[in-house]
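For reference, entry_16.txt (compact mmCIF, C-alpha atoms):
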# COMPACT_ATOMS: atom_id res chain seq x y z
CA MET A 1 -52.03 15.81 10.76
CA ASN A 2 -48.70 15.99 9.06
CA SER A 3 -46.46 17.68 11.59
CA ARG A 4 -45.26 16.77 15.04
CA GLY A 5 -44.63 20.38 15.99
CA PRO A 6 -46.56 21.81 18.92
CA LEU A 7 -50.16 22.89 18.39
CA LEU A 8 -49.96 26.57 19.23
CA TRP A 9 -52.86 28.68 20.44
CA GLN A 10 -53.92 31.12 17.78
CA LEU A 11 -56.65 33.69 17.30
CA GLY A 12 -59.58 33.24 14.98
CA GLU A 13 -61.93 36.09 14.13
CA LEU A 14 -65.63 35.39 13.90
CA ALA A 15 -66.71 36.32 10.37
CA GLU A 16 -70.23 34.91 10.24
CA ILE A 17 -72.81 33.20 12.45
CA VAL A 18 -75.40 30.87 10.90
CA GLN A 19 -78.22 29.80 13.20
CA GLU A 20 -78.76 26.13 12.24
CA THR A 21 -81.52 25.25 14.73
CA PRO A 22 -82.95 27.01 17.81
CA ARG A 23 -80.04 25.64 19.91
CA VAL A 24 -77.28 25.18 17.37
CA ALA A 25 -75.21 27.72 15.46
CA SER A 26 -72.32 27.52 13.03
CA LEU A 27 -69.43 29.91 13.63
CA TYR A 28 -67.35 30.77 10.56
CA LEU A 29 -63.89 31.88 11.61
CA ASP A 30 -60.98 33.48 9.80
CA VAL A 31 -57.82 31.87 11.18
CA PRO A 32 -54.83 33.30 9.30
CA ASP A 33 -52.30 30.72 10.49
CA TRP A 34 -54.54 27.64 10.40
CA PRO A 35 -52.29 24.68 9.44
CA GLY A 36 -55.07 22.79 7.65
CA HIS A 37 -57.06 19.75 8.81
CA LEU A 38 -58.73 16.54 7.72
CA ALA A 39 -62.48 15.95 7.62
CA GLY A 40 -63.51 14.58 11.03
CA GLN A 41 -60.87 16.29 13.16
CA HIS A 42 -61.59 18.64 16.06
CA LEU A 43 -59.96 21.57 17.79
CA ASP A 44 -59.70 23.08 21.25
CA VAL A 45 -61.24 26.42 22.16
CA ARG A 46 -59.91 28.39 25.15
CA LEU A 47 -61.77 31.26 26.78
CA THR A 48 -60.03 33.64 29.19
CA ALA A 49 -61.81 35.96 31.63
CA GLU A 50 -60.39 39.33 32.65
CA ASP A 51 -58.96 37.90 35.88
CA GLY A 52 -57.16 35.13 34.01
CA TYR A 53 -59.69 32.34 34.67
CA GLN A 54 -59.75 29.97 31.69
CA ALA A 55 -62.03 27.30 30.31
CA GLU A 56 -61.21 24.90 27.46
CA ARG A 57 -63.43 22.61 25.40
CA SER A 58 -63.08 20.54 22.21
CA TYR A 59 -65.33 21.04 19.16
CA SER A 60 -65.58 19.13 15.92
CA ILE A 61 -64.67 21.01 12.78
CA ALA A 62 -67.63 21.30 10.40
CA SER A 63 -65.85 22.78 7.39
CA PRO A 64 -64.00 20.60 4.88
CA PRO A 65 -60.24 21.00 4.45
CA GLU A 66 -60.62 22.91 1.18
CA ASP A 67 -62.70 25.78 2.62
CA SER A 68 -60.82 28.96 3.43
CA ARG A 69 -62.90 29.64 6.56
CA LEU A 70 -62.95 27.31 9.51
CA ALA A 71 -66.48 26.38 10.66
CA LEU A 72 -67.51 25.08 14.07
CA THR A 73 -71.09 24.01 14.70
CA VAL A 74 -71.87 24.34 18.39
CA GLU A 75 -74.90 23.19 20.39
CA ARG A 76 -75.75 25.53 23.22
CA LEU A 77 -75.97 23.59 26.48
CA ASP A 78 -77.89 25.70 28.97
CA ASP A 79 -75.85 24.52 31.96
CA GLY A 80 -72.62 24.63 29.97
CA GLU A 81 -69.75 27.04 30.47
CA VAL A 82 -68.25 27.51 27.01
CA SER A 83 -71.11 26.74 24.58
CA PRO A 84 -73.44 29.51 25.90
CA TYR A 85 -70.60 31.96 25.31
CA LEU A 86 -69.91 30.72 21.77
CA VAL A 87 -73.63 30.58 20.93
CA GLY A 88 -75.12 33.73 22.42
CA GLU A 89 -72.31 36.04 23.53
CA LEU A 90 -69.74 35.89 20.72
CA LYS A 91 -70.38 38.43 17.94
CA VAL A 92 -69.02 38.93 14.44
CA GLY A 93 -65.64 40.62 14.75
CA ASP A 94 -64.87 39.03 18.15
CA LYS A 95 -61.80 36.86 18.45
CA VAL A 96 -61.51 33.44 20.00
CA GLU A 97 -58.42 31.42 20.94
CA LEU A 98 -58.11 27.97 19.43
CA ARG A 99 -55.59 25.27 18.59
CA GLY A 100 -55.70 22.25 16.36
CA PRO A 101 -56.31 20.19 14.38
CA ILE A 102 -56.60 17.28 16.80
CA GLY A 103 -57.19 13.57 16.24
CA GLY A 104 -55.87 11.39 13.45
CA TYR A 105 -58.28 8.46 13.67
CA PHE A 106 -61.86 9.62 13.15
CA VAL A 107 -61.01 11.08 9.73
CA TRP A 108 -62.07 10.47 6.15
CA ARG A 109 -59.99 11.36 3.10
CA TRP A 110 -60.40 11.42 -0.66
CA GLY A 111 -59.08 8.18 -2.07
CA ASP A 112 -60.88 5.95 0.43
CA ASP A 113 -63.15 4.31 -2.13
CA ARG A 114 -65.06 2.05 0.22
CA PRO A 115 -68.80 2.81 0.38
CA LEU A 116 -69.29 5.31 3.17
CA LEU A 117 -71.81 4.90 5.97
CA LEU A 118 -72.24 7.82 8.34
CA VAL A 119 -74.47 7.45 11.41
CA ALA A 120 -75.25 10.61 13.38
CA GLY A 121 -77.15 11.32 16.58
CA GLY A 122 -78.00 15.00 17.12
CA SER A 123 -74.97 17.30 16.93
CA GLY A 124 -72.85 14.21 16.26
CA VAL A 125 -73.59 15.08 12.64
CA VAL A 126 -70.97 17.85 12.71
CA PRO A 127 -67.75 15.92 11.92
CA LEU A 128 -69.74 13.74 9.50
CA MET A 129 -70.87 16.88 7.67
CA ALA A 130 -67.22 17.85 7.21
CA MET A 131 -66.78 14.44 5.52
CA LEU A 132 -69.85 14.92 3.28
CA ARG A 133 -68.73 18.43 2.32
CA HIS A 134 -65.26 17.07 1.58
CA ARG A 135 -66.72 14.25 -0.50
CA SER A 136 -68.90 16.69 -2.38
CA ALA A 137 -65.90 18.87 -3.27
CA GLY A 138 -63.94 15.92 -4.68
CA SER A 139 -63.90 14.75 -8.27
CA HIS A 140 -64.53 11.05 -7.61
CA LYS A 141 -67.50 10.50 -5.32
CA THR A 142 -67.67 7.26 -3.39
CA PRO A 143 -71.26 6.13 -2.68
CA ALA A 144 -72.37 7.43 0.71
CA ARG A 145 -75.31 7.01 3.07
CA LEU A 146 -76.11 9.14 6.08
CA LEU A 147 -78.47 7.86 8.79
CA TYR A 148 -79.27 10.83 10.97
CA SER A 149 -81.32 10.78 14.17
CA SER A 150 -82.76 14.05 15.51
CA ARG A 151 -85.27 14.77 18.25
CA THR A 152 -87.65 16.89 16.18
CA PHE A 153 -87.85 18.30 12.66
CA ALA A 154 -86.70 21.69 13.97
CA ASP A 155 -83.62 20.08 15.53
CA ILE A 156 -82.25 18.77 12.23
CA ILE A 157 -78.90 20.51 11.73
CA TYR A 158 -77.91 21.31 8.09
CA ARG A 159 -81.33 20.14 6.82
CA GLU A 160 -81.44 22.38 3.76
CA GLU A 161 -77.79 21.82 2.89
CA LEU A 162 -78.32 18.06 3.11
CA ASP A 163 -81.29 18.42 0.75
CA ARG A 164 -79.04 20.30 -1.67
CA LEU A 165 -76.34 17.64 -1.45
CA ILE A 166 -78.89 14.91 -2.22
CA SER A 167 -80.23 16.82 -5.19
CA ALA A 168 -76.80 16.61 -6.83
CA LYS A 169 -77.63 12.90 -7.34
CA ASP A 170 -74.00 11.92 -7.01
CA GLY A 171 -74.46 8.77 -4.96
CA LEU A 172 -75.41 10.25 -1.58
CA THR A 173 -78.59 9.27 0.22
CA VAL A 174 -79.78 10.73 3.54
CA HIS A 175 -82.12 8.88 5.87
CA HIS A 176 -83.59 10.92 8.69
CA THR A 177 -85.25 9.60 11.79
CA LEU A 178 -87.10 11.74 14.35
CA THR A 179 -87.41 10.40 17.89
CA ARG A 180 -89.94 12.89 19.37
CA ASP A 181 -91.85 14.29 16.46
CA LYS A 182 -93.94 13.20 13.50
CA PRO A 183 -94.67 16.26 11.33
CA ALA A 184 -97.45 16.07 8.73
CA GLY A 185 -96.18 14.66 5.45
CA TRP A 186 -92.98 13.29 7.02
CA THR A 187 -91.71 10.31 5.06
CA GLY A 188 -88.63 9.48 7.15
CA PHE A 189 -88.34 7.18 10.13
CA THR A 190 -89.96 8.17 13.44
CA ARG A 191 -88.26 6.06 16.07
CA ARG A 192 -84.96 5.41 17.76
CA ILE A 193 -82.35 3.59 15.73
CA ASP A 194 -83.03 -0.16 15.65
CA ALA A 195 -81.99 -3.33 13.81
CA GLU A 196 -84.64 -2.98 11.12
CA MET A 197 -83.66 0.61 10.36
CA VAL A 198 -79.97 -0.23 10.21
CA LYS A 199 -80.66 -3.19 7.95
CA GLU A 200 -82.68 -0.98 5.62
CA VAL A 201 -80.10 1.81 5.39
CA ALA A 202 -76.66 0.28 5.92
CA TRP A 203 -74.55 -1.24 3.15
CA PRO A 204 -74.55 -5.06 3.13
CA SER A 205 -71.52 -6.27 5.06
CA ALA A 206 -70.16 -7.90 1.89
CA GLN A 207 -69.38 -4.39 0.63
CA GLN A 208 -67.01 -3.77 3.55
CA PRO A 209 -67.96 -0.13 4.07
CA ALA A 210 -66.09 2.59 5.94
CA VAL A 211 -68.30 3.53 8.89
CA TYR A 212 -68.28 6.62 11.11
CA VAL A 213 -70.68 6.87 14.05
CA CYS A 214 -70.94 10.03 16.16
CA GLY A 215 -73.43 11.10 18.79
CA PRO A 216 -74.29 10.76 22.47
CA THR A 217 -72.95 7.63 24.14
CA PRO A 218 -76.22 5.59 24.28
CA PHE A 219 -76.82 6.32 20.60
CA VAL A 220 -73.30 5.33 19.57
CA GLU A 221 -73.41 2.18 21.70
CA ALA A 222 -76.72 1.17 20.10
CA ALA A 223 -75.63 1.96 16.54
CA ALA A 224 -72.21 0.28 16.79
CA THR A 225 -73.70 -2.84 18.39
CA LEU A 226 -76.38 -3.08 15.68
CA LEU A 227 -73.78 -2.76 12.92
CA VAL A 228 -71.54 -5.43 14.42
CA GLY A 229 -74.70 -7.53 14.80
CA MET A 230 -75.34 -7.39 11.05
CA GLY A 231 -71.87 -8.72 10.33
CA TYR A 232 -69.71 -5.60 10.20
CA GLU A 233 -66.11 -6.08 11.38
CA PRO A 234 -65.55 -3.93 14.51
CA GLY A 235 -62.49 -2.50 12.73
CA TRP A 236 -64.69 -0.89 10.04
CA VAL A 237 -66.66 1.08 12.60
CA LYS A 238 -65.03 4.25 13.91
CA THR A 239 -66.88 5.93 16.75
CA GLU A 240 -66.80 9.26 18.48
CA ARG A 241 -68.94 9.82 21.56
CA PHE A 242 -69.91 12.62 23.84
CA GLY A 243 -71.55 12.30 27.24
CA ALA A 244 -74.31 14.40 28.72
CA THR A 245 -71.75 16.88 29.98
CA GLY A 246 -69.22 16.15 27.29
CA GLY A 247 -69.58 19.46 25.49
CA GLY A 248 -70.01 22.04 28.25
CA MET B 1 -51.67 38.75 30.50
CA GLY B 2 -52.44 37.72 26.94
CA PHE B 3 -55.74 37.50 25.14
CA ILE B 4 -59.02 38.20 27.00
CA SER B 5 -62.30 36.77 25.69
CA ARG B 6 -64.64 39.76 25.62
CA GLY B 7 -67.58 39.25 27.95
CA PHE B 8 -66.47 35.84 29.27
CA ARG B 9 -66.78 35.36 33.01
CA GLY B 10 -66.97 31.58 33.33
CA LYS B 11 -68.96 29.49 35.77
CA ARG B 12 -66.15 28.59 38.15
CA ARG B 13 -68.26 25.82 39.54
CA ASP B 14 -65.24 23.88 40.72
CA THR B 15 -63.48 26.40 42.92
CA ALA B 16 -63.64 24.26 46.07
CA SER B 17 -61.64 21.50 44.44
CA SER B 18 -59.61 23.58 42.00
CA SER B 19 -56.26 22.51 43.47
CA ARG B 20 -57.14 18.96 42.38
CA VAL B 21 -58.09 19.93 38.82
CA PRO B 22 -55.23 20.11 36.28
CA PRO B 23 -55.00 23.04 33.85
CA GLY B 24 -57.65 23.12 31.13
CA GLN B 25 -59.86 20.54 32.89
CA TYR B 26 -63.37 20.86 34.37
CA VAL B 27 -65.11 18.62 36.89
CA VAL B 28 -68.00 16.37 35.90
CA ASN B 29 -70.28 14.29 38.09
CA ASP B 30 -71.34 11.76 35.49
CA PHE B 31 -68.93 9.38 33.77
CA PRO B 32 -68.58 10.13 30.05
CA VAL B 33 -67.65 7.27 27.70
CA LEU B 34 -64.99 7.60 25.02
CA SER B 35 -63.75 4.88 22.74
CA ALA B 36 -62.74 4.56 19.14
CA GLY B 37 -64.94 1.65 18.06
CA PRO B 38 -67.67 -0.77 19.07
CA THR B 39 -67.62 -2.14 22.62
CA PRO B 40 -66.06 -5.64 22.51
CA ARG B 41 -68.07 -8.59 23.82
CA VAL B 42 -65.78 -10.49 26.15
CA ASN B 43 -66.17 -14.19 26.88
CA LEU B 44 -64.85 -14.74 30.42
CA ASP B 45 -64.32 -18.48 29.82
CA GLN B 46 -61.69 -17.60 27.23
CA TRP B 47 -60.36 -14.45 28.87
CA THR B 48 -56.72 -14.39 29.93
CA PHE B 49 -54.35 -11.68 31.05
CA SER B 50 -50.71 -11.94 29.98
CA ILE B 51 -47.37 -10.36 30.69
CA GLU B 52 -45.10 -11.01 27.73
CA GLY B 53 -42.21 -9.57 25.74
CA GLU B 54 -38.94 -8.99 27.65
CA ILE B 55 -39.56 -11.74 30.18
CA ASP B 56 -38.07 -15.24 30.41
CA GLU B 57 -41.35 -17.00 31.11
CA PRO B 58 -44.48 -15.13 30.00
CA LYS B 59 -47.08 -14.97 32.77
CA ARG B 60 -50.74 -15.68 32.20
CA TRP B 61 -53.86 -15.67 34.35
CA THR B 62 -57.32 -17.02 33.61
CA TRP B 63 -60.33 -15.06 34.86
CA LYS B 64 -60.59 -17.34 37.89
CA GLU B 65 -56.89 -17.03 38.68
CA PHE B 66 -57.03 -13.28 38.24
CA LEU B 67 -59.93 -12.87 40.67
CA ALA B 68 -58.00 -14.93 43.25
CA LEU B 69 -55.15 -12.39 43.33
CA ALA B 70 -54.92 -9.99 46.27
CA SER B 71 -57.16 -7.03 45.49
CA GLU B 72 -57.33 -3.52 46.84
CA THR B 73 -59.82 -0.67 46.70
CA VAL B 74 -58.47 2.73 45.71
CA THR B 75 -60.07 6.18 45.43
CA LYS B 76 -58.53 8.39 42.73
CA ASP B 77 -59.18 11.50 40.64
CA ILE B 78 -59.23 10.80 36.90
CA HIS B 79 -58.55 13.23 34.06
CA CYS B 80 -59.63 12.73 30.44
CA VAL B 81 -57.78 14.54 27.65
CA THR B 82 -61.18 15.67 26.31
CA LYS B 83 -61.19 18.06 29.32
CA TRP B 84 -63.35 16.37 31.95
CA SER B 85 -62.03 15.35 35.34
CA LYS B 86 -63.91 13.18 37.80
CA LEU B 87 -62.91 13.35 41.45
CA ASP B 88 -62.92 10.59 44.07
CA THR B 89 -63.65 7.63 41.82
CA THR B 90 -63.50 4.31 43.65
CA TRP B 91 -62.16 1.17 42.01
CA LYS B 92 -61.41 -2.39 43.07
CA GLY B 93 -58.70 -4.38 41.38
CA VAL B 94 -55.21 -5.76 41.42
CA SER B 95 -52.08 -3.62 41.64
CA ILE B 96 -49.74 -4.02 38.67
CA ASP B 97 -47.03 -4.49 41.33
CA THR B 98 -48.79 -7.69 42.36
CA LEU B 99 -48.79 -8.96 38.76
CA MET B 100 -45.14 -8.01 38.35
CA GLU B 101 -43.97 -9.82 41.51
CA GLY B 102 -40.93 -11.93 40.70
CA VAL B 103 -40.67 -10.61 37.13
CA GLU B 104 -37.10 -9.96 36.02
CA THR B 105 -36.96 -7.77 32.96
CA ALA B 106 -34.59 -5.56 31.01
CA ALA B 107 -37.60 -3.59 29.74
CA GLU B 108 -38.01 0.09 30.49
CA PHE B 109 -41.20 0.49 28.47
CA THR B 110 -44.53 -1.29 28.18
CA THR B 111 -47.46 -1.54 25.82
CA MET B 112 -50.86 -2.28 27.33
CA PHE B 113 -53.00 -4.23 24.89
CA SER B 114 -56.73 -4.80 24.79
CA ASP B 115 -59.61 -6.59 23.13
CA GLY B 116 -60.50 -4.68 19.99
CA GLY B 117 -56.85 -4.02 19.15
CA TYR B 118 -56.35 -0.91 21.30
CA THR B 119 -52.85 -0.28 22.62
CA THR B 120 -51.23 2.39 24.75
CA ASN B 121 -47.59 2.79 25.70
CA LEU B 122 -46.26 3.55 29.18
CA PRO B 123 -42.80 3.62 30.74
CA LEU B 124 -42.49 0.72 33.20
CA ASP B 125 -41.91 3.28 35.95
CA ASP B 126 -45.40 4.69 35.33
CA ILE B 127 -47.19 1.41 36.03
CA THR B 128 -45.10 0.14 38.97
CA GLY B 129 -44.58 1.60 42.44
CA ASN B 130 -48.25 1.59 43.49
CA LYS B 131 -49.32 3.83 40.59
CA ALA B 132 -51.40 1.51 38.38
CA TRP B 133 -54.05 -1.17 38.77
CA LEU B 134 -56.04 -3.65 36.76
CA VAL B 135 -59.58 -2.92 37.96
CA TYR B 136 -62.84 -4.86 37.67
CA GLU B 137 -65.19 -2.90 39.92
CA PHE B 138 -66.26 0.74 39.79
CA ASP B 139 -68.21 2.22 42.69
CA GLY B 140 -68.81 -1.23 44.18
CA GLN B 141 -70.30 -2.65 40.97
CA PRO B 142 -68.80 -4.89 38.28
CA LEU B 143 -67.20 -2.67 35.64
CA HIS B 144 -69.69 -1.99 32.82
CA PRO B 145 -68.50 -2.95 29.29
CA GLU B 146 -68.84 0.68 28.12
CA HIS B 147 -66.33 1.65 30.78
CA GLY B 148 -63.93 -1.15 29.90
CA GLY B 149 -65.40 -4.16 31.67
CA PRO B 150 -64.68 -6.84 32.56
CA VAL B 151 -61.23 -5.39 33.33
CA ARG B 152 -59.46 -2.13 32.50
CA PHE B 153 -56.21 -0.52 33.44
CA LEU B 154 -56.28 2.35 35.91
CA VAL B 155 -53.31 4.71 35.65
CA PRO B 156 -54.84 7.78 37.29
CA HIS B 157 -51.79 10.04 37.32
CA LEU B 158 -51.83 10.20 33.50
CA TYR B 159 -54.61 11.21 31.07
CA PHE B 160 -57.30 8.57 31.04
CA TRP B 161 -56.62 7.22 27.53
CA LYS B 162 -53.62 5.56 29.19
CA SER B 163 -56.08 3.58 31.35
CA ALA B 164 -56.86 1.17 28.54
CA LYS B 165 -60.26 -0.54 28.54
CA TRP B 166 -60.86 -4.27 27.97
CA ALA B 167 -57.34 -5.08 29.15
CA ARG B 168 -55.71 -8.30 28.00
CA GLY B 169 -52.04 -7.88 28.73
CA ILE B 170 -48.80 -6.00 29.14
CA ARG B 171 -45.94 -6.29 26.66
CA LEU B 172 -42.55 -5.50 28.23
CA GLN B 173 -40.25 -3.69 25.80
CA LYS B 174 -36.73 -2.25 25.72
CA GLU B 175 -37.87 0.60 23.49
CA GLU B 176 -40.89 2.84 23.44
CA HIS B 177 -43.53 1.95 20.82
CA PRO B 178 -46.26 4.59 20.50
CA GLY B 179 -49.75 3.13 20.98
CA PHE B 180 -53.09 3.87 19.32
CA TRP B 181 -53.75 7.49 20.34
CA GLU B 182 -50.03 8.17 20.63
CA THR B 183 -49.70 7.57 16.87
CA ASN B 184 -52.86 9.62 16.22
CA GLY B 185 -51.76 12.99 17.51
CA TYR B 186 -51.73 12.49 21.27
CA HIS B 187 -48.79 12.96 23.61
CA ILE B 188 -46.38 10.10 24.22
CA ARG B 189 -46.65 10.33 28.04
CA GLY B 190 -49.78 12.36 28.87
CA ASP B 191 -49.18 14.01 32.24
CA PRO B 192 -52.30 16.13 32.92
CA TRP B 193 -50.46 18.45 35.34
CA LEU B 194 -48.04 19.38 32.52
CA GLU B 195 -50.99 19.52 30.07
CA GLN B 196 -49.29 16.99 27.78
CA ARG B 197 -52.31 16.50 25.54
CA TYR B 198 -50.97 16.44 21.99
CA TRP B 199 -47.77 15.95 20.01
CA GLY B 200 -45.35 18.70 20.87
CA ASP B 201 -47.04 19.73 24.17

Using structure tokens, write down the structure that the file contains.
Amino acid sequence: MNSRGPLLWQLGELAEIVQETPRVASLYLDVPDWPGHLAGQHLDVRLTAEDGYQAERSYSIASPPEDSRLALTVERLDDGEVSPYLVGELKVGDKVELRGPIGGYFVWRWGDDRPLLLVAGGSGVVPLMAMLRHRSAGSHKTPARLLYSSRTFADIIYREELDRLISAKDGLTVHHTLTRDKPAGWTGFTRRIDAEMVKEVAWPSAQQPAVYVCGPTPFVEAAATLLVGMGYEPGWVKTERFGATGGG
Amino acid sequence: MGFISRGFRGKRRDTASSSRVPPGQYVVNDFPVLSAGPTPRVNLDQWTFSIEGEIDEPKRWTWKEFLALASETVTKDIHCVTKWSKLDTTWKGVSIDTLMEGVETAAEFTTMFSDGGYTTNLPLDDITGNKAWLVYEFDGQPLHPEHGGPVRFLVPHLYFWKSAKWARGIRLQKEEHPGFWETNGYHIRGDPWLEQRYWGD
């Protein structure tokens, strides 16, 4: 964020929908006046009904700063108000009101050469994916590890893209864990995040990594506590949390 | 009327209480957690609460001394800048007015500071006059660490990031010094009824 001017509402036009999992879709938007953003930031979406009733929610930005289209990856919450509209009702060519970017803390930039540790629970992977995409587009690639917890194999968001990023062999490793599923041939973890898993995946504290944790509150609490428990300074660990109704 | 979202009707689940819900907010029944880093572990034997800065004699309370102060129970609506509002939340704690009794200061501004390094800035007028508390119980139970326990600020007339968790003190200041979120894109004052969410709102 480089300006203190007001964040104005603007219209984005839906250019493409990518179904990521049965409940999650990525919306690729053309936003002509988008002021730019940093990896990890979010934006506000505002929906307006014909009688003027409005609903607003915040969503993490999935696209890296260098992409021309803005991507949001949205999980459809069945009892939600905005997400079932974004994932289900909105069609290519429709417009949506948004403003941003928002948040100057949970961000990662080129030039931060500390080893990167990203810890994601469910759709908490979205802002972390913006960081990985941004890293991948840069010329100097800091070593990075992603520990990513999903319910089932089918719930893994960006699975194929993550496989492609790993295959570039540029210093990124991805460590999946599944909490409700154990598909045949699965070689990843199959349990909730715990001390042993964190110890196996996380950088030794002597390397003073930059850490970003995003997911539901119990997941983030568990992950952040485990990391501090293995000697990480609390100041290295940036967290972003959403509650059960946090998305809507 | 400006832009209409094609096909959007909305759930309007909050109509009964809509006069209590600021613009852009929706009502939740659970209590979401938001914080920027790990939850601090607080040792009550070493815990103190201070008022410092523009004050002749800084004031300081130990945990025991703090609990001995006159407490009150208040029921308030709270509004988080991430869009959720929670109505009729009940807290027990000490009014900032009680802590400020007898304090002479030239300060017009304050910075609340917390374990973990979090800060938030507030005009002195926004935390005095029966508008702000230092609370240690939520819903009749000791305040959970995730929600800012053992003690957090409660400044319910402003967005909830102003109600700093893990409170450790108030710095009295002649000038306004933007706090943690206020230097990271969020509004300097944060009045939910004026929808002062971000810089420039």

- Item | Contacts of stretch 37-46 of chain B within 10 Å, all atoms listed in the file, excl. fewer than 6 positions in-chain, as a PyMOL selection string | (chain A and resi 106+211-213+220-228+233-241) or (chain B and resi 62-64+114-118+145-151+165-166)

- Query: Between atom CA of A:Arg109 and atom CA of A:Gln207, what is the distance, to one decimal in Å?
  - Reply: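 Interatomic distance, atom CA of A:Arg109 to atom CA of A:Gln207: 18.5 Å.
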
- Item | Top pick for closest residue to A:Val31, considering A:Val82, A:Gly171, A:Gly104, A:Arg99 and counting only C-alpha atoms |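 Looking only at the distances to A:Val31, the closest residue turns out to be A:Arg99.
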
Quick one: residues within 8 Å of A:Asp155, all atoms listed in the file counted, chain neighbours fewer than 2 positions away excluded, as an mmCIF file with C-alpha atoms, in the frame of the given file?
data_model
loop_
_atom_site.group_PDB
_atom_site.id
_atom_site.type_symbol
_atom_site.label_atom_id
_atom_site.label_comp_id
_atom_site.auth_asym_id
_atom_site.auth_seq_id
_atom_site.Cartn_x
_atom_site.Cartn_y
_atom_site.Cartn_z
ATOM 1 C CA THR A 21 -81.520 25.250 14.730
ATOM 2 C CA PRO A 22 -82.950 27.010 17.810
ATOM 3 C CA ARG A 23 -80.040 25.640 19.910
ATOM 4 C CA GLY A 122 -78.000 15.000 17.120
ATOM 5 C CA SER A 150 -82.760 14.050 15.510
ATOM 6 C CA ARG A 151 -85.270 14.770 18.250
ATOM 7 C CA THR A 152 -87.650 16.890 16.180
ATOM 8 C CA PHE A 153 -87.850 18.300 12.660
ATOM 9 C CA ILE A 157 -78.900 20.510 11.730
#

- Contacts of B:Gly10 within 8 Å, all atoms listed in the file, excl. fewer than 6 positions in-chain, as a list in words: Ala49, Tyr53, Gln54, Ala55, Glu81 and Val82 of chain A

- Message: For a quick check of your reading of the model, name the residues lying within 6 Å of the coordinate (-41.7, 0.9, 22.0), counting all atoms listed in the file, and write them as a PyMOL selection string.
- Response: chain B and resi 175-177

- Separation of atom CA of A:Met230 and atom CA of A:Arg192, in Å? 17.4 Å

- Compile the contact shell of B:Asp125 as a PyMOL selection string: residues with an atom at most 9 Å away, counting all atoms listed in the file, same-chain residues fewer than 5 positions apart removed. chain B and resi 108-109+131

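All residues of protein, DNA or RNA that reach within 7 Å of B:Ser5, judged by only C-alpha atoms and not counting those fewer than 3 positions away in the chain, are Leu47, Thr48, Ala49 and Val96 of chain A; Phe8 of chain B.
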
Per-axis box centre and lengths in Å around stretch 214-224 of chain A, 6 Å margin per side, axis-aligned, as JSON:
{"center_x": -73.9, "center_y": 5.7, "center_z": 20.2, "size_x": 17.9, "size_y": 22.8, "size_z": 20.1}

Using only C-alpha atoms, tabulate the residues of chain B lying at most 6 Å from any atom of chain A, each with its closest atom pair and that distance in Å to one decimal, by chain and increasing residue number, as a Markdown table.
| residue | atom | partner | partner_atom | distance |
| --- | --- | --- | --- | --- |
| B:Ile4 | CA | A:Thr48 | CA | 5.2 |
| B:Ser5 | CA | A:Thr48 | CA | 5.2 |
| B:Phe8 | CA | A:Ala49 | CA | 5.2 |
| B:Arg9 | CA | A:Ala49 | CA | 5.2 |
| B:Lys11 | CA | A:Glu81 | CA | 5.9 |
| B:Gly24 | CA | A:Glu56 | CA | 5.4 |
| B:Pro32 | CA | A:Gly243 | CA | 4.6 |
| B:Leu34 | CA | A:Arg241 | CA | 5.7 |
| B:Ala36 | CA | A:Thr239 | CA | 5.0 |
| B:Gly37 | CA | A:Thr239 | CA | 4.9 |
| B:Pro38 | CA | A:Ala224 | CA | 5.2 |
| B:Asn184 | CA | A:Gly104 | CA | 4.5 |
| B:Gly185 | CA | A:Gly103 | CA | 5.6 |
| B:Trp199 | CA | A:Arg4 | CA | 5.6 |
| B:Gly200 | CA | A:Pro6 | CA | 3.9 |
| B:Asp201 | CA | A:Pro6 | CA | 5.7 |
